[in-house]
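Okay, data_30.pdb now, which holds PDB, C-alpha atoms:
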```
ATOM      1  CA  MET A   1      -9.898 -53.278  -0.054
ATOM      2  CA  PRO A   2      -7.689 -50.360  -1.032
ATOM      3  CA  ALA A   3      -5.886 -48.578   1.770
ATOM      4  CA  ARG A   4      -7.346 -45.157   2.496
ATOM      5  CA  GLY A   5      -4.816 -42.426   3.135
ATOM      6  CA  PRO A   6      -5.508 -39.242   5.052
ATOM      7  CA  ALA A   7      -8.080 -36.972   3.399
ATOM      8  CA  LYS A   8      -6.507 -34.282   1.226
ATOM      9  CA  ARG A   9      -6.866 -30.913   2.897
ATOM     10  CA  GLU A  10      -7.389 -27.818   0.818
ATOM     11  CA  PRO A  11      -5.649 -24.649   2.024
ATOM     12  CA  ILE A  12      -7.950 -21.979   3.442
ATOM     13  CA  VAL A  13      -6.257 -19.406   1.236
ATOM     14  CA  PRO A  14      -4.345 -20.404  -1.947
ATOM     15  CA  ASN A  15      -0.578 -20.238  -1.463
ATOM     16  CA  GLY A  16      -0.149 -17.638  -4.194
ATOM     17  CA  VAL A  17      -2.757 -15.346  -2.658
ATOM     18  CA  LEU A  18      -1.219 -15.759   0.794
ATOM     19  CA  GLY A  19       2.221 -14.871  -0.572
ATOM     20  CA  MET A  20       0.782 -11.852  -2.348
ATOM     21  CA  VAL A  21      -1.055 -10.699   0.793
ATOM     22  CA  ILE A  22       2.194 -10.882   2.802
ATOM     23  CA  PHE A  23       3.965  -8.938   0.039
ATOM     24  CA  ILE A  24       1.167  -6.342   0.059
ATOM     25  CA  PHE A  25       1.511  -5.974   3.849
ATOM     26  CA  THR A  26       5.169  -5.064   3.394
ATOM     27  CA  GLU A  27       4.290  -2.646   0.600
ATOM     28  CA  VAL A  28       1.606  -0.997   2.729
ATOM     29  CA  MET A  29       4.280  -0.349   5.372
ATOM     30  CA  PHE A  30       6.659   0.959   2.695
ATOM     31  CA  PHE A  31       4.112   3.484   1.410
ATOM     32  CA  SER A  32       3.066   4.365   4.962
ATOM     33  CA  GLY A  33       6.674   5.255   5.743
ATOM     34  CA  LEU A  34       6.883   7.486   2.682
ATOM     35  CA  ILE A  35       3.558   9.168   3.476
ATOM     36  CA  SER A  36       4.612   9.721   7.099
ATOM     37  CA  ALA A  37       7.909  11.316   6.027
ATOM     38  CA  HIS A  38       6.030  13.501   3.536
ATOM     39  CA  THR A  39       3.506  14.548   6.203
ATOM     40  CA  ILE A  40       6.302  15.602   8.570
ATOM     41  CA  VAL A  41       8.222  17.543   5.925
ATOM     42  CA  LYS A  42       4.988  19.238   4.869
ATOM     43  CA  SER A  43       4.201  20.148   8.487
ATOM     44  CA  GLN A  44       7.702  21.635   8.870
ATOM     45  CA  ALA A  45       6.803  23.994   6.057
ATOM     46  CA  ALA A  46       3.726  25.181   7.975
ATOM     47  CA  GLY A  47       3.334  28.917   7.583
ATOM     48  CA  GLN A  48       5.488  28.839   4.480
ATOM     49  CA  MET A  49       4.438  28.078   0.933
ATOM     50  CA  TRP A  50       3.712  24.477   0.023
ATOM     51  CA  PRO A  51       4.546  23.694  -2.780
ATOM     52  CA  PRO A  52       7.657  25.867  -2.286
ATOM     53  CA  TYR A  53       8.014  29.114  -4.186
ATOM     54  CA  GLY A  54       9.173  28.687  -7.784
ATOM     55  CA  GLN A  55       8.123  25.061  -8.048
ATOM     56  CA  PRO A  56       5.548  24.082 -10.682
ATOM     57  CA  ARG A  57       2.080  23.087  -9.520
ATOM     58  CA  LEU A  58       0.941  19.517 -10.025
ATOM     59  CA  PRO A  59      -1.849  18.890 -12.574
ATOM     60  CA  ILE A  60      -4.621  18.142 -10.063
ATOM     61  CA  GLU A  61      -7.611  17.984 -12.432
ATOM     62  CA  GLU A  62      -5.933  15.935 -15.170
ATOM     63  CA  THR A  63      -4.595  13.465 -12.622
ATOM     64  CA  ALA A  64      -8.061  13.198 -11.028
ATOM     65  CA  LEU A  65      -9.404  12.138 -14.429
ATOM     66  CA  ASN A  66      -6.539   9.689 -14.798
ATOM     67  CA  SER A  67      -7.246   8.347 -11.317
ATOM     68  CA  LEU A  68     -10.785   7.645 -12.478
ATOM     69  CA  ALA A  69      -9.376   5.380 -15.225
ATOM     70  CA  LEU A  70      -7.440   3.466 -12.571
ATOM     71  CA  LEU A  71     -10.464   3.119 -10.282
ATOM     72  CA  VAL A  72     -12.635   1.928 -13.186
ATOM     73  CA  SER A  73      -9.962  -0.644 -14.067
ATOM     74  CA  GLY A  74     -10.261  -1.996 -10.508
ATOM     75  CA  MET A  75     -14.037  -2.271 -10.863
ATOM     76  CA  VAL A  76     -13.714  -4.026 -14.222
ATOM     77  CA  LEU A  77     -11.347  -6.503 -12.592
ATOM     78  CA  VAL A  78     -14.133  -7.404 -10.149
ATOM     79  CA  PHE A  79     -16.352  -8.204 -13.152
ATOM     80  CA  THR A  80     -13.456 -10.208 -14.608
ATOM     81  CA  TRP A  81     -13.419 -12.390 -11.506
ATOM     82  CA  PHE A  82     -17.146 -13.136 -11.627
ATOM     83  CA  ALA A  83     -16.992 -13.746 -15.393
ATOM     84  CA  PHE A  84     -14.093 -16.159 -14.850
ATOM     85  CA  LYS A  85     -16.101 -18.005 -12.207
ATOM     86  CA  ARG A  86     -18.999 -18.439 -14.675
ATOM     87  CA  GLU A  87     -16.827 -19.421 -17.626
ATOM     88  CA  ALA A  88     -13.123 -18.714 -18.096
ATOM     89  CA  GLY A  89     -13.551 -17.498 -21.699
ATOM     90  CA  GLN A  90     -15.934 -14.735 -20.612
ATOM     91  CA  ALA A  91     -13.160 -13.103 -18.589
ATOM     92  CA  ARG A  92     -11.057 -12.246 -21.655
ATOM     93  CA  ILE A  93     -12.693  -8.933 -22.586
ATOM     94  CA  PRO A  94     -12.998  -7.476 -19.046
ATOM     95  CA  LEU A  95      -9.409  -8.488 -18.286
ATOM     96  CA  LEU A  96      -8.263  -6.793 -21.487
ATOM     97  CA  ILE A  97     -10.218  -3.638 -20.562
ATOM     98  CA  THR A  98      -8.524  -3.667 -17.135
ATOM     99  CA  ILE A  99      -5.103  -3.875 -18.779
ATOM    100  CA  VAL A 100      -5.907  -1.097 -21.274
ATOM    101  CA  LEU A 101      -7.192   1.232 -18.523
ATOM    102  CA  GLY A 102      -4.132   0.471 -16.423
ATOM    103  CA  GLY A 103      -1.935   1.190 -19.447
ATOM    104  CA  ILE A 104      -3.710   4.531 -19.942
ATOM    105  CA  PHE A 105      -3.033   5.430 -16.307
ATOM    106  CA  VAL A 106       0.668   4.563 -16.502
ATOM    107  CA  GLY A 107       1.046   6.293 -19.896
ATOM    108  CA  PHE A 108      -0.558   9.499 -18.627
ATOM    109  CA  GLN A 109       1.603   9.460 -15.518
ATOM    110  CA  GLY A 110       4.670   9.179 -17.773
ATOM    111  CA  SER A 111       3.607  12.136 -19.903
ATOM    112  CA  GLU A 112       2.851  14.130 -16.725
ATOM    113  CA  TRP A 113       6.367  13.421 -15.457
ATOM    114  CA  ALA A 114       7.881  14.566 -18.754
ATOM    115  CA  ALA A 115       5.931  17.858 -18.557
ATOM    116  CA  LEU A 116       6.900  18.432 -14.905
ATOM    117  CA  LEU A 117      10.562  17.725 -15.608
ATOM    118  CA  ALA A 118      10.429  20.238 -18.472
ATOM    119  CA  ASP A 119       8.884  22.767 -16.044
ATOM    120  CA  GLY A 120      11.798  22.318 -13.646
ATOM    121  CA  LEU A 121      10.408  19.957 -11.010
ATOM    122  CA  THR A 122      13.172  17.425 -10.385
ATOM    123  CA  MET A 123      14.299  15.189  -7.536
ATOM    124  CA  GLN A 124      16.910  17.803  -6.612
ATOM    125  CA  SER A 125      14.847  20.960  -7.103
ATOM    126  CA  SER A 126      13.200  20.743  -3.649
ATOM    127  CA  SER A 127      11.956  18.288  -1.040
ATOM    128  CA  TYR A 128       8.577  18.760  -2.721
ATOM    129  CA  GLY A 129       9.962  17.404  -6.014
ATOM    130  CA  GLY A 130      11.907  14.707  -4.217
ATOM    131  CA  PHE A 131       8.833  13.379  -2.429
ATOM    132  CA  PHE A 132       6.684  13.651  -5.534
ATOM    133  CA  TYR A 133       8.992  11.480  -7.647
ATOM    134  CA  LEU A 134       9.717   9.078  -4.792
ATOM    135  CA  ILE A 135       6.091   8.424  -3.833
ATOM    136  CA  VAL A 136       4.445   8.619  -7.247
ATOM    137  CA  GLY A 137       7.412   6.848  -8.860
ATOM    138  CA  SER A 138       7.196   3.975  -6.366
ATOM    139  CA  HIS A 139       3.528   3.637  -7.179
ATOM    140  CA  ALA A 140       4.271   3.713 -10.911
ATOM    141  CA  ILE A 141       6.802   0.866 -10.513
ATOM    142  CA  HIS A 142       4.141  -1.170  -8.707
ATOM    143  CA  ALA A 143       1.576  -0.315 -11.396
ATOM    144  CA  VAL A 144       3.943  -1.480 -14.153
ATOM    145  CA  GLY A 145       4.729  -4.678 -12.216
ATOM    146  CA  ALA A 146       1.031  -5.387 -11.690
ATOM    147  CA  LEU A 147       0.313  -4.690 -15.371
ATOM    148  CA  VAL A 148       2.982  -7.236 -16.361
ATOM    149  CA  ALA A 149       1.293  -9.732 -14.004
ATOM    150  CA  LEU A 150      -2.106  -8.997 -15.581
ATOM    151  CA  LEU A 151      -0.630  -9.472 -19.075
ATOM    152  CA  TRP A 152       0.821 -12.797 -17.944
ATOM    153  CA  ALA A 153      -2.637 -13.802 -16.655
ATOM    154  CA  TYR A 154      -4.220 -12.703 -19.944
ATOM    155  CA  ASP A 155      -1.725 -14.804 -21.887
ATOM    156  CA  ARG A 156      -2.501 -17.850 -19.750
ATOM    157  CA  LEU A 157      -6.217 -17.182 -20.109
ATOM    158  CA  ASN A 158      -5.863 -17.207 -23.900
ATOM    159  CA  LYS A 159      -4.130 -20.578 -23.642
ATOM    160  CA  ASP A 160      -6.832 -21.888 -21.256
ATOM    161  CA  GLU A 161      -4.179 -22.432 -18.615
ATOM    162  CA  LEU A 162      -5.200 -19.778 -16.081
ATOM    163  CA  ARG A 163      -6.266 -21.106 -12.680
ATOM    164  CA  SER A 164      -8.577 -19.160 -10.399
ATOM    165  CA  SER A 165      -5.882 -18.984  -7.694
ATOM    166  CA  GLN A 166      -3.515 -17.347 -10.213
ATOM    167  CA  LEU A 167      -6.152 -14.807 -11.228
ATOM    168  CA  ALA A 168      -6.851 -14.098  -7.546
ATOM    169  CA  THR A 169      -3.136 -13.543  -6.904
ATOM    170  CA  VAL A 170      -2.567 -11.031  -9.722
ATOM    171  CA  SER A 171      -5.916  -9.381  -8.945
ATOM    172  CA  ALA A 172      -4.854  -8.831  -5.325
ATOM    173  CA  PHE A 173      -1.739  -7.045  -6.595
ATOM    174  CA  TRP A 174      -3.784  -4.824  -8.942
ATOM    175  CA  TYR A 175      -6.338  -4.027  -6.215
ATOM    176  CA  PHE A 176      -3.467  -2.875  -4.020
ATOM    177  CA  VAL A 177      -2.208  -0.581  -6.810
ATOM    178  CA  VAL A 178      -5.734   0.790  -7.316
ATOM    179  CA  LEU A 179      -6.637   1.251  -3.649
ATOM    180  CA  VAL A 180      -3.390   2.858  -2.511
ATOM    181  CA  TRP A 181      -3.534   5.484  -5.258
ATOM    182  CA  PRO A 182      -6.394   7.682  -3.870
ATOM    183  CA  ILE A 183      -4.444   7.976  -0.579
ATOM    184  CA  LEU A 184      -1.280   9.001  -2.446
ATOM    185  CA  TYR A 185      -3.242  11.442  -4.598
ATOM    186  CA  TRP A 186      -4.805  13.019  -1.526
ATOM    187  CA  GLN A 187      -1.451  13.304   0.228
ATOM    188  CA  VAL A 188       0.745  14.423  -2.658
ATOM    189  CA  TYR A 189      -1.517  16.326  -5.027
ATOM    190  CA  LEU A 190      -4.088  18.017  -2.751
TER     191      LEU A 190
ATOM    192  CA  MET B   1      29.524   6.235  54.574
ATOM    193  CA  ARG B   2      30.723   9.787  53.957
ATOM    194  CA  LEU B   3      30.265   9.205  50.257
ATOM    195  CA  LEU B   4      26.532   8.572  50.581
ATOM    196  CA  PRO B   5      25.431  12.242  50.879
ATOM    197  CA  LEU B   6      27.754  13.095  48.008
ATOM    198  CA  ALA B   7      26.302  10.363  45.865
ATOM    199  CA  GLY B   8      22.791  11.541  46.743
ATOM    200  CA  LEU B   9      23.721  15.085  45.808
ATOM    201  CA  ALA B  10      25.189  13.911  42.507
ATOM    202  CA  MET B  11      22.045  11.929  41.747
ATOM    203  CA  LEU B  12      19.902  14.971  42.528
ATOM    204  CA  GLY B  13      22.067  17.095  40.271
ATOM    205  CA  MET B  14      21.802  14.617  37.436
ATOM    206  CA  ALA B  15      18.034  14.498  37.822
ATOM    207  CA  VAL B  16      17.471  18.241  37.972
ATOM    208  CA  LEU B  17      20.117  19.861  35.838
ATOM    209  CA  PRO B  18      19.774  18.320  32.354
ATOM    210  CA  GLU B  19      17.364  19.696  29.807
ATOM    211  CA  SER B  20      14.648  17.393  28.549
ATOM    212  CA  VAL B  21      16.208  14.515  26.658
ATOM    213  CA  TRP B  22      14.647  12.954  23.570
ATOM    214  CA  ALA B  23      15.518   9.420  22.625
ATOM    215  CA  CYS B  24      14.984  10.251  18.973
ATOM    216  CA  PRO B  25      17.090  13.282  17.991
ATOM    217  CA  VAL B  26      14.697  14.363  15.239
ATOM    218  CA  CYS B  27      11.464  13.790  17.168
ATOM    219  CA  PHE B  28      11.309  17.208  18.759
ATOM    220  CA  ASP B  29      10.387  20.468  17.136
ATOM    221  CA  SER B  30       9.223  23.746  18.556
ATOM    222  CA  SER B  31       6.465  23.963  15.964
ATOM    223  CA  ASP B  32       3.191  22.632  17.335
ATOM    224  CA  GLU B  33       1.993  21.445  13.935
ATOM    225  CA  ASN B  34       5.196  19.490  13.383
ATOM    226  CA  ARG B  35       4.982  17.909  16.823
ATOM    227  CA  GLN B  36       1.428  16.806  16.118
ATOM    228  CA  ALA B  37       2.554  15.354  12.778
ATOM    229  CA  PHE B  38       5.235  13.319  14.586
ATOM    230  CA  ILE B  39       2.707  11.981  17.097
ATOM    231  CA  ALA B  40       0.111  11.194  14.422
ATOM    232  CA  THR B  41       2.559   9.390  12.129
ATOM    233  CA  THR B  42       4.072   7.466  15.052
ATOM    234  CA  ALA B  43       0.607   6.273  16.083
ATOM    235  CA  PHE B  44      -0.266   5.475  12.468
ATOM    236  CA  LEU B  45       2.903   3.465  11.822
ATOM    237  CA  SER B  46       2.554   1.625  15.141
ATOM    238  CA  LEU B  47      -1.082   0.654  14.780
ATOM    239  CA  LEU B  48      -1.145  -0.154  11.051
ATOM    240  CA  PRO B  49       0.870  -3.419  11.167
ATOM    241  CA  LEU B  50      -1.077  -4.553  14.233
ATOM    242  CA  GLY B  51      -4.322  -3.839  12.412
ATOM    243  CA  MET B  52      -3.196  -5.729   9.297
ATOM    244  CA  VAL B  53      -2.064  -8.780  11.267
ATOM    245  CA  ALA B  54      -5.276  -8.742  13.323
ATOM    246  CA  GLY B  55      -7.367  -8.404  10.140
ATOM    247  CA  ALA B  56      -5.547 -11.322   8.499
ATOM    248  CA  GLY B  57      -6.006 -13.438  11.636
ATOM    249  CA  LEU B  58      -9.739 -12.707  11.804
ATOM    250  CA  TYR B  59     -10.134 -13.508   8.105
ATOM    251  CA  VAL B  60      -8.325 -16.853   8.436
ATOM    252  CA  ARG B  61     -10.443 -17.719  11.496
ATOM    253  CA  LYS B  62     -13.666 -16.899   9.631
ATOM    254  CA  ARG B  63     -12.570 -18.885   6.569
ATOM    255  CA  SER B  64     -11.566 -21.902   8.623
ATOM    256  CA  ARG B  65     -14.949 -21.821  10.409
ATOM    257  CA  ASP B  66     -16.764 -21.615   7.062
ATOM    258  CA  VAL B  67     -14.760 -24.547   5.682
ATOM    259  CA  ARG B  68     -15.440 -26.597   8.840
ATOM    260  CA  GLU B  69     -19.183 -25.869   8.667
ATOM    261  CA  ASP B  70     -19.271 -26.757   4.944
ATOM    262  CA  SER B  71     -17.508 -30.062   5.552
ATOM    263  CA  SER B  72     -19.861 -30.966   8.430
ATOM    264  CA  THR B  73     -23.080 -30.492   6.405
ATOM    265  CA  PRO B  74     -24.724 -33.790   5.354
ATOM    266  CA  ASP B  75     -24.598 -32.862   1.619
ATOM    267  CA  SER B  76     -20.836 -32.803   1.581
ATOM    268  CA  LEU B  77     -20.463 -36.219   3.203
ATOM    269  CA  ASP B  78     -19.571 -39.029   0.886
TER     270      ASP B  78
END
```

Write out the structure in this file as structure tokens.
Amino acid sequence: MPARGPAKREPIVPNGVLGMVIFIFTEVMFFSGLISAHTIVKSQAAGQMWPPYGQPRLPIEETALNSLALLVSGMVLVFTWFAFKREAGQARIPLLITIVLGGIFVGFQGSEWAALLADGLTMQSSSYGGFFYLIVGSHAIHAVGALVALLWAYDRLNKDELRSSQLATVSAFWYFVVLVWPILYWQVYL
Amino acid sequence: MRLLPLAGLAMLGMAVLPESVWACPVCFDSSDENRQAFIATTAFLSLLPLGMVAGAGLYVRKRSRDVREDSSTPDSLD
């Protein structure tokens, strides 16, 4: 009779997802600190102009449209998950759409930055410019990092090597990028 | 014992004379809006990590209960 060892216990949450959730917690605190500092500086300018006089206005409408692309990418990623659960191959197209929409968002943000820099809004031009580049730039770095993770997942999916825990981990990162953006948009742009 | 009234007087002076003291040198502003922003952001930054940790704890508890219930159902027994 073969010896029976202890039953193998599955983790409640995959290790990768748990690590990503802890990372996201730290990033939530990072962005909260930036938003808090921005709120205080903005409140100090109460009664004065905000944005300060002579500083270019941010493209609110164009960025709202761009934000829509980001939000849709998050929704498509939900479909990607369910498609992956049915059959891994079915997740290819929705995952690709997510990456393309995310790429559109990052590309538009880059072109917006170029236009604002040309208009004279720089890190040194005012605290308004400083906070804009710090907050939106931090988000852009996260968006690029999450896009790289999604591309890695897409590559593994094409090789039939992607595990559901890996998809869940990179998805959690992208959901963070998507969900934190409306708060930043509301705080910085409006 | 003659020092006691003097010490009491010194204590009283120290308690009454100073202006209000703020532990954080940048946490005071005469503007009401700015003061409210300080209070709101302090509350936000204090409660947010507690909320996240509590949320994670509740989620893990729910998941572990679900897993325990799944493993105790007759179908899953081998």

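With only C-alpha atoms taken into account, the protein and nucleic acid residues at most 12 Å from A:Gln166 (excluding it and anything under 5 positions from it in its own chain) are Val13, Pro14, Asn15, Gly16, Val17, Leu18, Gly19, Met20, Trp81, Phe84, Ala149, Leu150, Trp152, Ala153, Tyr154, Arg156, Leu157, Glu161, Ser171, Ala172 and Phe173 of chain A.
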
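All chain B residues having an atom within 10 Å of chain A, based on only C-alpha atoms, amount to Asp29, Ser31, Asp32, Glu33, Asn34, Arg35, Gln36, Ala37, Phe38, Ile39, Ala40, Thr41, Thr42, Phe44, Leu45, Leu48, Pro49, Met52, Val53, Ala56, Tyr59, Val60, Arg61, Lys62, Arg63, Ser64, Arg65, Asp66 and Val67 of chain B.
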
Given the file shown, enumerate the residues that the PyMOL selection byres ((chain A and resi 69) around 12) captures and present them as a PyMOL selection string.
chain A and resi 62-68+70-76+97-109+178+181-182

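One finds atom CA of A:Ala143 at 25.2 Å from atom CA of A:Asp160.
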
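Of note, atom CA of A:Leu134 and atom CA of A:Tyr53 are spaced 20.1 Å apart.
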
Any chance you could resolve the PyMOL selection byres ((chain A and resi 119-122) around 12) against this file and give the residues as an MDAnalysis selection string?
chainID A and resid 51:59 112:118 123:134

Could you work out how far atom CA of A:Trp186 lies from atom CA of B:Gly55, giving the answer in Å with one decimal?
24.5 Å
